[in-house]
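Q: This one is upload38.txt, compact mmCIF, C-alpha atoms and all ligand atoms.
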# COMPACT_ATOMS: atom_id res chain seq x y z
CA MET A 85 29.93 -9.33 2.43
CA GLN A 86 27.31 -10.42 -0.09
CA ASP A 87 23.64 -11.12 0.55
CA SER A 88 21.75 -14.00 -1.02
CA TRP A 89 20.73 -11.77 -3.98
CA GLY A 90 24.37 -11.06 -4.87
CA ARG A 91 24.38 -7.50 -3.53
CA THR A 92 27.58 -6.33 -1.84
CA ILE A 93 26.91 -4.86 1.59
CA GLU A 94 29.54 -2.20 2.27
CA TYR A 95 27.78 0.62 4.12
CA VAL A 96 26.29 0.90 7.62
CA ARG A 97 24.23 3.72 9.06
CA ILE A 98 24.22 3.87 12.84
CA SER A 99 21.67 5.82 14.82
CA LEU A 100 23.41 7.17 17.92
CA THR A 101 20.35 8.52 19.72
CA GLU A 102 16.60 8.82 19.27
CA ALA A 103 16.68 12.27 20.88
CA CYS A 104 16.19 15.31 18.72
CA ASN A 105 15.73 19.01 19.34
CA PHE A 106 13.43 19.26 16.29
CA CYS A 107 10.06 17.70 15.69
CA CYS A 108 9.66 17.40 11.93
CA PRO A 109 6.07 16.16 11.55
CA TYR A 110 6.90 13.70 8.73
CA CYS A 111 9.49 12.08 11.00
CA ARG A 112 8.03 12.21 14.53
CA PRO A 113 4.48 13.17 15.53
CA THR A 114 4.33 16.40 17.48
CA GLU A 115 2.95 14.79 20.62
CA ILE A 116 6.18 12.83 21.11
CA THR A 117 8.70 14.92 23.01
CA PRO A 118 12.42 14.18 22.62
CA TYR A 119 13.34 10.87 24.16
CA SER A 120 15.61 10.46 27.12
CA GLN A 121 19.25 9.65 26.49
CA GLU A 122 19.34 6.91 29.12
CA HIS A 123 19.86 3.66 27.24
CA LEU A 124 22.43 4.66 24.69
CA LEU A 125 25.13 2.33 23.44
CA THR A 126 28.57 3.23 24.79
CA PRO A 127 31.51 3.93 22.46
CA ASP A 128 32.94 0.50 23.49
CA GLU A 129 29.72 -1.21 22.42
CA TRP A 130 29.62 0.65 19.11
CA MET A 131 33.26 -0.25 18.44
CA THR A 132 32.53 -3.96 19.01
CA ILE A 133 29.65 -3.81 16.52
CA LEU A 134 31.63 -1.73 14.02
CA GLY A 135 34.60 -4.11 14.40
CA ALA A 136 32.34 -6.94 13.25
CA PHE A 137 31.18 -4.91 10.24
CA HIS A 138 34.78 -4.11 9.37
CA ARG A 139 35.63 -7.84 9.41
CA LEU A 140 32.76 -8.34 6.96
CA GLY A 141 34.16 -5.82 4.48
CA VAL A 142 32.00 -2.79 5.25
CA ARG A 143 33.81 0.29 3.88
CA ALA A 144 31.73 3.25 5.02
CA VAL A 145 29.89 4.35 8.14
CA ARG A 146 27.33 7.12 8.59
CA LEU A 147 26.35 8.52 12.00
CA THR A 148 22.72 9.56 12.25
CA GLY A 149 19.76 9.66 14.65
CA GLY A 150 17.58 11.35 15.99
CA GLU A 151 20.05 14.16 16.10
CA PRO A 152 23.56 12.63 16.28
CA LEU A 153 25.11 15.82 17.69
CA LEU A 154 23.07 15.15 20.86
CA TYR A 155 24.90 11.84 21.45
CA PRO A 156 27.01 12.68 24.51
CA HIS A 157 30.04 10.59 23.45
CA LEU A 158 30.13 11.72 19.83
CA ASN A 159 33.68 13.10 19.91
CA GLU A 160 35.12 10.00 21.59
CA LEU A 161 33.32 7.65 19.21
CA LEU A 162 34.29 9.61 16.13
CA GLU A 163 37.93 9.71 17.16
CA ARG A 164 37.97 5.96 17.85
CA ILE A 165 36.34 5.15 14.51
CA SER A 166 38.82 7.39 12.73
CA VAL A 167 41.89 6.01 14.53
CA SER A 168 40.77 2.43 13.83
CA ASN A 169 41.20 3.06 10.08
CA TRP A 170 38.47 0.49 9.48
CA PHE A 171 36.43 2.66 7.13
CA GLU A 172 37.42 4.72 4.11
CA ASP A 173 34.50 7.10 4.62
CA ILE A 174 32.99 8.51 7.83
CA SER A 175 29.98 10.77 7.45
CA ILE A 176 27.16 12.25 9.50
CA THR A 177 23.55 13.30 8.82
CA THR A 178 22.47 16.19 11.03
CA ASN A 179 19.77 18.83 11.24
CA GLY A 180 22.66 21.32 11.42
CA SER A 181 21.34 23.36 14.33
CA TYR A 182 24.34 22.61 16.59
CA LEU A 183 26.92 22.41 13.85
CA ALA A 184 28.19 26.00 13.79
CA SER A 185 30.25 25.59 16.96
CA ARG A 186 31.25 21.95 16.35
CA ALA A 187 32.12 21.63 12.68
CA ASN A 188 35.83 22.31 13.22
CA GLU A 189 36.29 19.81 16.04
CA LEU A 190 34.34 17.10 14.22
CA HIS A 191 36.48 17.63 11.13
CA ALA A 192 39.67 17.47 13.23
CA LEU A 193 38.50 14.21 14.82
CA GLY A 194 38.19 12.56 11.41
CA LEU A 195 34.71 13.28 10.02
CA ASP A 196 34.92 13.23 6.21
CA ARG A 197 31.50 14.33 5.00
CA VAL A 198 28.39 16.07 6.33
CA ASN A 199 24.76 15.92 5.18
CA ILE A 200 22.51 18.67 6.52
CA SER A 201 18.71 18.62 6.31
CA LEU A 202 17.04 21.79 5.06
CA ASP A 203 13.41 21.61 3.97
CA SER A 204 12.73 25.29 3.28
CA LEU A 205 14.54 28.61 3.02
CA ASP A 206 11.52 30.56 4.18
CA GLU A 207 11.63 31.16 7.96
CA ALA A 208 7.92 30.60 8.58
CA VAL A 209 7.73 27.50 6.40
CA PHE A 210 10.94 26.15 7.97
CA ASP A 211 9.37 26.49 11.43
CA THR A 212 6.48 24.26 10.39
CA CYS A 213 8.92 21.80 8.77
CA VAL A 214 10.85 21.34 12.05
CA GLY A 215 7.93 21.89 14.45
CA LYS A 216 9.72 24.69 16.28
CA SER A 217 10.05 28.43 15.79
CA LYS A 218 13.07 30.56 14.87
CA GLN A 219 15.38 27.69 13.96
CA LEU A 220 16.44 28.60 10.42
CA PRO A 221 19.30 30.98 11.42
CA SER A 222 21.10 28.29 13.48
CA VAL A 223 20.80 25.78 10.63
CA LEU A 224 22.09 28.28 8.08
CA ALA A 225 25.00 29.06 10.42
CA GLY A 226 25.70 25.32 10.63
CA ILE A 227 25.72 25.05 6.84
CA ARG A 228 28.10 28.01 6.54
CA SER A 229 30.49 26.46 9.09
CA ALA A 230 30.41 23.11 7.35
CA ILE A 231 31.25 24.77 4.02
CA GLN A 232 34.11 26.78 5.56
CA THR A 233 35.56 23.86 7.53
CA GLY A 234 36.85 21.96 4.54
CA PHE A 235 34.98 18.65 4.75
CA LYS A 236 35.46 16.47 1.69
CA GLN A 237 31.82 17.12 0.91
CA VAL A 238 28.75 18.93 2.23
CA LYS A 239 25.34 17.79 1.05
CA ILE A 240 21.97 19.37 1.67
CA ASN A 241 18.98 17.01 2.00
CA THR A 242 15.54 18.43 1.25
CA VAL A 243 12.51 16.20 1.83
CA LEU A 244 9.62 16.98 -0.50
CA SER A 245 6.72 16.23 1.82
CA ARG A 246 4.44 18.79 0.12
CA TYR A 247 4.05 20.39 -3.29
CA TRP A 248 6.26 23.46 -3.70
CA THR A 249 5.21 26.73 -5.33
CA ASP A 250 7.21 27.82 -8.37
CA GLU A 251 8.51 30.75 -6.33
CA GLU A 252 9.93 28.39 -3.67
CA VAL A 253 11.56 26.30 -6.38
CA ARG A 254 13.16 29.41 -7.93
CA ASP A 255 14.49 30.41 -4.50
CA VAL A 256 16.10 27.07 -3.84
CA LEU A 257 17.58 26.99 -7.36
CA SER A 258 19.33 30.29 -6.65
CA TYR A 259 20.87 28.85 -3.45
CA ILE A 260 21.92 25.73 -5.36
CA GLU A 261 23.87 27.95 -7.74
CA GLN A 262 25.52 29.93 -4.91
CA TRP A 263 26.55 27.27 -2.37
CA PRO A 264 29.41 24.79 -2.93
CA VAL A 265 27.28 21.84 -1.85
CA VAL A 266 25.61 18.83 -3.43
CA TRP A 267 21.86 19.39 -3.05
CA ARG A 268 19.55 16.36 -2.96
CA PHE A 269 15.77 16.20 -3.06
CA ILE A 270 14.19 13.27 -1.23
CA GLU A 271 10.72 11.84 -1.76
CA TYR A 272 8.54 11.58 1.35
CA MET A 273 8.43 8.01 2.67
CA PRO A 274 5.16 7.03 4.37
CA PHE A 275 6.43 6.64 7.93
CA GLN A 276 3.60 8.86 9.12
CA GLY A 277 1.01 7.31 6.80
CA SER A 278 -0.64 9.34 4.08
CA THR A 279 -0.72 12.65 5.98
CA PHE A 280 1.89 14.11 3.63
CA HIS A 281 1.79 14.35 -0.13
CA GLY A 282 4.86 15.41 -2.00
CA PRO A 283 5.60 15.22 -5.70
CA SER A 284 6.51 11.97 -7.42
CA PHE A 285 9.77 11.77 -9.38
CA ASP A 286 8.05 12.68 -12.67
CA GLU A 287 6.13 15.57 -11.10
CA TRP A 288 9.26 17.06 -9.48
CA LEU A 289 11.40 16.69 -12.60
CA SER A 290 8.75 18.30 -14.78
CA GLN A 291 8.27 21.21 -12.32
CA LEU A 292 12.03 21.85 -12.35
CA GLU A 293 12.23 21.60 -16.14
CA ARG A 294 9.24 23.89 -16.64
CA ILE A 295 10.79 26.55 -14.38
CA LEU A 296 14.26 26.18 -15.90
CA GLY A 297 12.89 26.08 -19.43
CA GLU A 298 15.17 23.15 -20.33
CA ALA A 299 15.45 19.43 -19.77
CA LEU A 300 17.81 18.26 -17.02
CA GLN A 301 20.58 15.95 -18.15
CA PRO A 302 21.01 12.66 -16.27
CA LEU A 303 24.60 12.11 -15.08
CA LYS A 304 26.61 9.01 -14.36
CA ASP A 305 28.27 10.65 -11.31
CA VAL A 306 27.79 9.10 -7.93
CA TYR A 307 28.64 10.87 -4.68
CA GLY A 308 29.07 8.71 -1.61
CA PHE A 309 27.38 5.37 -0.99
CA GLY A 310 23.72 6.29 -1.43
CA PRO A 311 21.07 5.63 -4.08
CA ALA A 312 20.68 9.19 -5.46
CA SER A 313 20.63 9.75 -9.21
CA TYR A 314 22.41 12.94 -10.27
CA TRP A 315 21.23 15.46 -12.84
CA ALA A 316 22.85 18.54 -14.41
CA LEU A 317 20.99 21.86 -14.36
CA PRO A 318 21.39 24.09 -17.46
CA SER A 319 24.17 25.95 -15.56
CA GLY A 320 26.11 22.68 -15.18
CA LYS A 321 25.48 22.53 -11.41
CA GLU A 322 24.51 19.03 -10.28
CA ILE A 323 21.59 18.01 -8.08
CA GLY A 324 20.63 14.62 -6.61
CA LEU A 325 17.20 12.98 -6.61
CA ILE A 326 16.28 10.19 -4.19
CA PHE A 327 12.78 8.96 -4.97
CA SER A 328 12.56 5.64 -3.15
CA MET A 329 8.79 5.39 -3.61
CA SER A 330 8.54 6.40 -7.29
CA HIS A 331 11.60 4.30 -8.08
CA ASN A 332 12.98 1.21 -6.49
CA TYR A 333 16.67 1.19 -5.60
CA CYS A 334 16.58 -2.26 -4.02
CA ASP A 335 18.67 -3.94 -6.75
CA SER A 336 21.66 -1.84 -5.76
CA CYS A 337 21.01 -1.76 -1.99
CA ASN A 338 24.39 -1.88 -0.23
CA ARG A 339 23.46 -0.95 3.32
CA LEU A 340 22.41 -2.00 6.80
CA ARG A 341 21.08 0.11 9.65
CA LEU A 342 21.68 0.00 13.38
CA THR A 343 19.09 1.58 15.66
CA ALA A 344 19.99 3.57 18.77
CA ASP A 345 18.83 0.61 20.90
CA GLY A 346 21.28 -1.73 19.16
CA HIS A 347 19.01 -3.53 16.68
CA MET A 348 20.14 -4.25 13.14
CA ARG A 349 17.62 -3.49 10.39
CA VAL A 350 18.39 -5.02 7.02
CA CYS A 351 15.83 -2.87 5.18
CA LEU A 352 14.55 0.63 5.95
CA LEU A 353 11.05 -0.21 4.68
CA ARG A 354 10.62 -3.62 6.34
CA ASP A 355 10.31 -4.35 10.02
CA ASP A 356 12.70 -7.37 10.28
CA GLU A 357 15.23 -6.63 13.04
CA SER A 358 17.93 -8.48 15.01
CA ASP A 359 19.03 -7.53 18.49
CA LEU A 360 22.84 -7.12 18.37
CA ILE A 361 23.31 -5.23 21.62
CA ASP A 362 21.93 -8.13 23.65
CA LEU A 363 24.65 -10.36 22.17
CA VAL A 364 27.33 -7.73 22.79
CA ARG A 365 26.27 -7.25 26.41
CA ASN A 366 26.40 -11.02 26.88
CA GLY A 367 30.03 -11.03 25.79
CA ILE A 368 29.91 -12.35 22.20
CA THR A 369 33.28 -12.13 20.45
CA VAL A 370 33.71 -9.87 17.43
CA GLU A 371 34.30 -12.99 15.27
CA ASN A 372 31.06 -14.64 16.38
CA LEU A 373 29.14 -11.39 16.03
CA ALA A 374 30.40 -11.09 12.45
CA THR A 375 29.28 -14.66 11.72
CA TYR A 376 25.85 -13.92 13.17
CA ILE A 377 25.47 -10.69 11.16
CA GLU A 378 26.47 -12.48 7.96
CA HIS A 379 23.85 -15.14 8.65
CA VAL A 380 21.11 -12.53 9.27
CA VAL A 381 22.05 -10.64 6.11
CA GLN A 382 21.27 -13.76 4.07
CA GLY A 383 17.61 -13.17 5.03
CA LYS A 384 17.59 -9.68 3.49
CA HIS A 385 14.62 -9.54 1.11
CA LYS A 386 14.97 -8.70 -2.55
CA GLN A 387 12.80 -5.57 -2.28
CA HIS A 388 11.22 -3.22 0.22
CA LYS A 389 7.45 -3.16 0.70
CA GLY A 390 7.21 0.47 -0.37
CA ILE A 391 3.83 2.08 -0.24
CA ASN A 392 2.27 -1.30 0.47
CA MET A 393 4.09 -1.36 3.80
CA ASP A 394 1.64 -1.30 6.71
CA THR A 395 2.40 1.39 9.26
CA PRO A 396 6.05 0.61 10.06
CA GLY A 397 6.85 -0.83 13.48
CA ARG A 398 9.30 2.00 14.00
CA PRO A 399 8.90 5.58 12.85
CA MET A 400 11.81 7.22 11.04
CA TRP A 401 13.25 8.88 14.12
CA ARG A 402 13.55 5.47 15.86
CA ILE A 403 15.30 3.87 12.88
CA GLY A 404 17.72 6.60 11.88
CA GLY A 405 17.40 8.19 8.47
N1 LIG B 501 18.24 14.58 12.60
C1 LIG B 501 19.09 14.38 11.47
C2 LIG B 501 18.55 15.11 10.26
O1 LIG B 501 17.41 15.53 10.28
O2 LIG B 501 19.30 15.22 9.29
C3 LIG B 501 19.35 12.93 11.16
C4 LIG B 501 18.20 11.98 11.27
S1 LIG B 501 16.87 12.24 10.12
C5 LIG B 501 15.77 10.93 10.55
C6 LIG B 501 17.65 11.73 8.61
C7 LIG B 501 16.98 12.14 7.35
O3 LIG B 501 15.74 11.47 7.23
C8 LIG B 501 16.68 13.63 7.24
O4 LIG B 501 17.23 14.15 6.04
C9 LIG B 501 15.18 13.67 7.22
O5 LIG B 501 14.72 14.77 6.48
C10 LIG B 501 14.84 12.33 6.59
N2 LIG B 501 13.47 11.88 6.85
C11 LIG B 501 12.84 11.79 8.03
N3 LIG B 501 11.58 11.31 7.88
C12 LIG B 501 11.41 11.10 6.55
C13 LIG B 501 10.34 10.62 5.74
N4 LIG B 501 9.19 10.25 6.27
N5 LIG B 501 10.53 10.53 4.41
C14 LIG B 501 11.71 10.90 3.84
N6 LIG B 501 12.77 11.34 4.55
C15 LIG B 501 12.62 11.46 5.88
FE1 LIG B 502 14.86 15.34 14.20
FE2 LIG B 502 15.98 14.75 11.87
FE3 LIG B 502 13.61 13.65 12.56
FE4 LIG B 502 13.70 16.23 12.00
S1 LIG B 502 14.18 14.55 10.56
S2 LIG B 502 12.69 15.29 13.80
S3 LIG B 502 15.68 16.81 12.73
S4 LIG B 502 15.53 13.29 13.56
Take the structure in the file and give it back as structure tokens.
Ligand code: SAM
Ligand code: SF4
A:
Amino acid sequence: MQDSWGRTIEYVRISLTEACNFCCPYCRPTEITPYSQEHLLTPDEWMTILGAFHRLGVRAVRLTGGEPLLYPHLNELLERISVSNWFEDISITTNGSYLASRANELHALGLDRVNISLDSLDEAVFDTCVGKSKQLPSVLAGIRSAIQTGFKQVKINTVLSRYWTDEEVRDVLSYIEQWPVVWRFIEYMPFQGSTFHGPSFDEWLSQLERILGEALQPLKDVYGFGPASYWALPSGKEIGLIFSMSHNYCDSCNRLRLTADGHMRVCLLRDDESDLIDLVRNGITVENLATYIEHVVQGKHKQHKGINMDTPGRPMWRIGG
């Protein structure tokens, strides 16, 4: 499916639940406790929506949230997506805390790739990053399981919502060298206003290059369906940089998002939404749903509003990252 700017839309990210066992302050304010799981879409409803995306030529699906491992029907949904053969790539983004005991079954059910969020390797700092104490060991166990399970790929996502000390950067560089993962650094997006201040693309690149004593080499490699640019460290190990505020990836935007309450969002950083679940619950056919989605996609804007965006109508945890 193409939008009116000639971009091919081939990737959907579906948020299975708003609930989360963590409370990362850049994602959800601490006063909001995890949401109830009462009004979730059923696997049947998701399959109707995904069937429409498949008809429109979407090739990849990512399961996210909230914390997608808290979606009570995850195994059933994953198996049904996998058996359908509609998508060439099925991936998940998780905080990793429940992954240690589930990585094997998720892999067996057809999950291809896993992204795990990890914002610090220091226990005390990690606690402030996730708004909860003593969580780092479970996340590290989840990462170890994911690596051992044999997924096609494991990525680590690190949001830079603050300036890092050189010592922290050296620590993470040593893990990057040791673990067989693709490590990506993500610029803070202003979903919680200007409370957080992380480095811009230029600041982060120059901190890395100063510590490494050499310039990083830009690579042509692309992993998955996302907007990251990849760079080679002096050792040859590759890292990804996603700086959606410093840079603008809108020209190559290939994605749509579905919220856990069944709304389609054509841009992460714009509030335009269409209610798909209402149509599904009123019995729309997959064909008509596909026609409707295609029509809505023609209204996708050329660019996001970026830092000029007013406070977004939905915080990150209600959109799905
Ligand atoms: N709970 C899962 C997790 O943390 O991986 C999946 C959902 S989370 C919303 C998806 C991704 O969005 C995570 O990598 C998280 O760090 C990132 N994220 C959340 N709020 C963000 C923000 N304001 N700016 C940049 N990334 C953010
Ligand atoms: Fe939960 Fe992920 Fe948001 Fe952190 S970033 S609060 S783990 S949904």
Q: Counting all atoms listed in the file, which protein, DNA or RNA residues come within 10 Å of ligand LIG 502 (chain B), given as number ranges by chain?
A: A: 99, 101-114, 118, 148-152, 177-181, 200-203, 213-215, 243, 399-405
Q: Could the residues in this selection be saved with C-alpha atoms as a PDB file, keeping the file's coordinate frame?
A:
ATOM      1  CA  SER A  99      21.670   5.820  14.820  1.00  0.00           C
ATOM      2  CA  THR A 101      20.350   8.520  19.720  1.00  0.00           C
ATOM      3  CA  GLU A 102      16.600   8.820  19.270  1.00  0.00           C
ATOM      4  CA  ALA A 103      16.680  12.270  20.880  1.00  0.00           C
ATOM      5  CA  CYS A 104      16.190  15.310  18.720  1.00  0.00           C
ATOM      6  CA  ASN A 105      15.730  19.010  19.340  1.00  0.00           C
ATOM      7  CA  PHE A 106      13.430  19.260  16.290  1.00  0.00           C
ATOM      8  CA  CYS A 107      10.060  17.700  15.690  1.00  0.00           C
ATOM      9  CA  CYS A 108       9.660  17.400  11.930  1.00  0.00           C
ATOM     10  CA  PRO A 109       6.070  16.160  11.550  1.00  0.00           C
ATOM     11  CA  TYR A 110       6.900  13.700   8.730  1.00  0.00           C
ATOM     12  CA  CYS A 111       9.490  12.080  11.000  1.00  0.00           C
ATOM     13  CA  ARG A 112       8.030  12.210  14.530  1.00  0.00           C
ATOM     14  CA  PRO A 113       4.480  13.170  15.530  1.00  0.00           C
ATOM     15  CA  THR A 114       4.330  16.400  17.480  1.00  0.00           C
ATOM     16  CA  PRO A 118      12.420  14.180  22.620  1.00  0.00           C
ATOM     17  CA  THR A 148      22.720   9.560  12.250  1.00  0.00           C
ATOM     18  CA  GLY A 149      19.760   9.660  14.650  1.00  0.00           C
ATOM     19  CA  GLY A 150      17.580  11.350  15.990  1.00  0.00           C
ATOM     20  CA  GLU A 151      20.050  14.160  16.100  1.00  0.00           C
ATOM     21  CA  PRO A 152      23.560  12.630  16.280  1.00  0.00           C
ATOM     22  CA  THR A 177      23.550  13.300   8.820  1.00  0.00           C
ATOM     23  CA  THR A 178      22.470  16.190  11.030  1.00  0.00           C
ATOM     24  CA  ASN A 179      19.770  18.830  11.240  1.00  0.00           C
ATOM     25  CA  GLY A 180      22.660  21.320  11.420  1.00  0.00           C
ATOM     26  CA  SER A 181      21.340  23.360  14.330  1.00  0.00           C
ATOM     27  CA  ILE A 200      22.510  18.670   6.520  1.00  0.00           C
ATOM     28  CA  SER A 201      18.710  18.620   6.310  1.00  0.00           C
ATOM     29  CA  LEU A 202      17.040  21.790   5.060  1.00  0.00           C
ATOM     30  CA  ASP A 203      13.410  21.610   3.970  1.00  0.00           C
ATOM     31  CA  CYS A 213       8.920  21.800   8.770  1.00  0.00           C
ATOM     32  CA  VAL A 214      10.850  21.340  12.050  1.00  0.00           C
ATOM     33  CA  GLY A 215       7.930  21.890  14.450  1.00  0.00           C
ATOM     34  CA  VAL A 243      12.510  16.200   1.830  1.00  0.00           C
ATOM     35  CA  PRO A 399       8.900   5.580  12.850  1.00  0.00           C
ATOM     36  CA  MET A 400      11.810   7.220  11.040  1.00  0.00           C
ATOM     37  CA  TRP A 401      13.250   8.880  14.120  1.00  0.00           C
ATOM     38  CA  ARG A 402      13.550   5.470  15.860  1.00  0.00           C
ATOM     39  CA  ILE A 403      15.300   3.870  12.880  1.00  0.00           C
ATOM     40  CA  GLY A 404      17.720   6.600  11.880  1.00  0.00           C
ATOM     41  CA  GLY A 405      17.400   8.190   8.470  1.00  0.00           C
TER      42      GLY A 405
END
Q: By how many Å are atom S1 of ligand LIG 501 (chain B) and CA of Asn338 in chain A apart?
A: 19.1 Å
Q: With 7 Å as the cut-off and all atoms listed in the file counted, what is the closest atom pair between each nearby residue of range 247-304 of chain A and range 325-328 of chain A? Distances in Å to one decimal, ordered by chain and number, as JSON lines.
A:
{"residue": "A:Arg268", "atom": "CA", "partner": "A:Leu325", "partner_atom": "CA", "distance": 5.5}
{"residue": "A:Phe269", "atom": "CA", "partner": "A:Leu325", "partner_atom": "CA", "distance": 5.0}
{"residue": "A:Ile270", "atom": "CA", "partner": "A:Ile326", "partner_atom": "CA", "distance": 4.8}
{"residue": "A:Glu271", "atom": "CA", "partner": "A:Phe327", "partner_atom": "CA", "distance": 4.8}
{"residue": "A:Phe285", "atom": "CA", "partner": "A:Phe327", "partner_atom": "CA", "distance": 6.0}
Q: Of the candidates A:Met273, A:Val306, A:Leu193, A:Ile93, which shows the shortest atom-to-atom distance to ligand LIG 501 (chain B), using all atoms listed in the file?
A: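 Comparing A:Met273, A:Val306, A:Leu193, A:Ile93 against ligand LIG 501 (chain B), the winner is A:Met273.
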Q: Which distance in Å separates CA of Ala374 in chain A and CA of Thr132 in chain A, to one decimal?
A: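 The value is 9.9 Å.
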Q: Can you measure CA of Glu189 in chain A to CA of Asp173 in chain A for me? One decimal in Å is fine.
A: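 Straight-line distance from CA of Glu189 in chain A to CA of Asp173 in chain A works out to 17.2 Å.
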Q: Once you add 6 Å to each side, what are the centre and edge lengths of the axis-aligned box holding all listed atoms of ligand LIG 501 (chain B)? One decimal in Å, as JSON, if you can.
A:
{"center_x": 14.3, "center_y": 12.9, "center_z": 8.2, "size_x": 22.2, "size_y": 17.3, "size_z": 20.8}
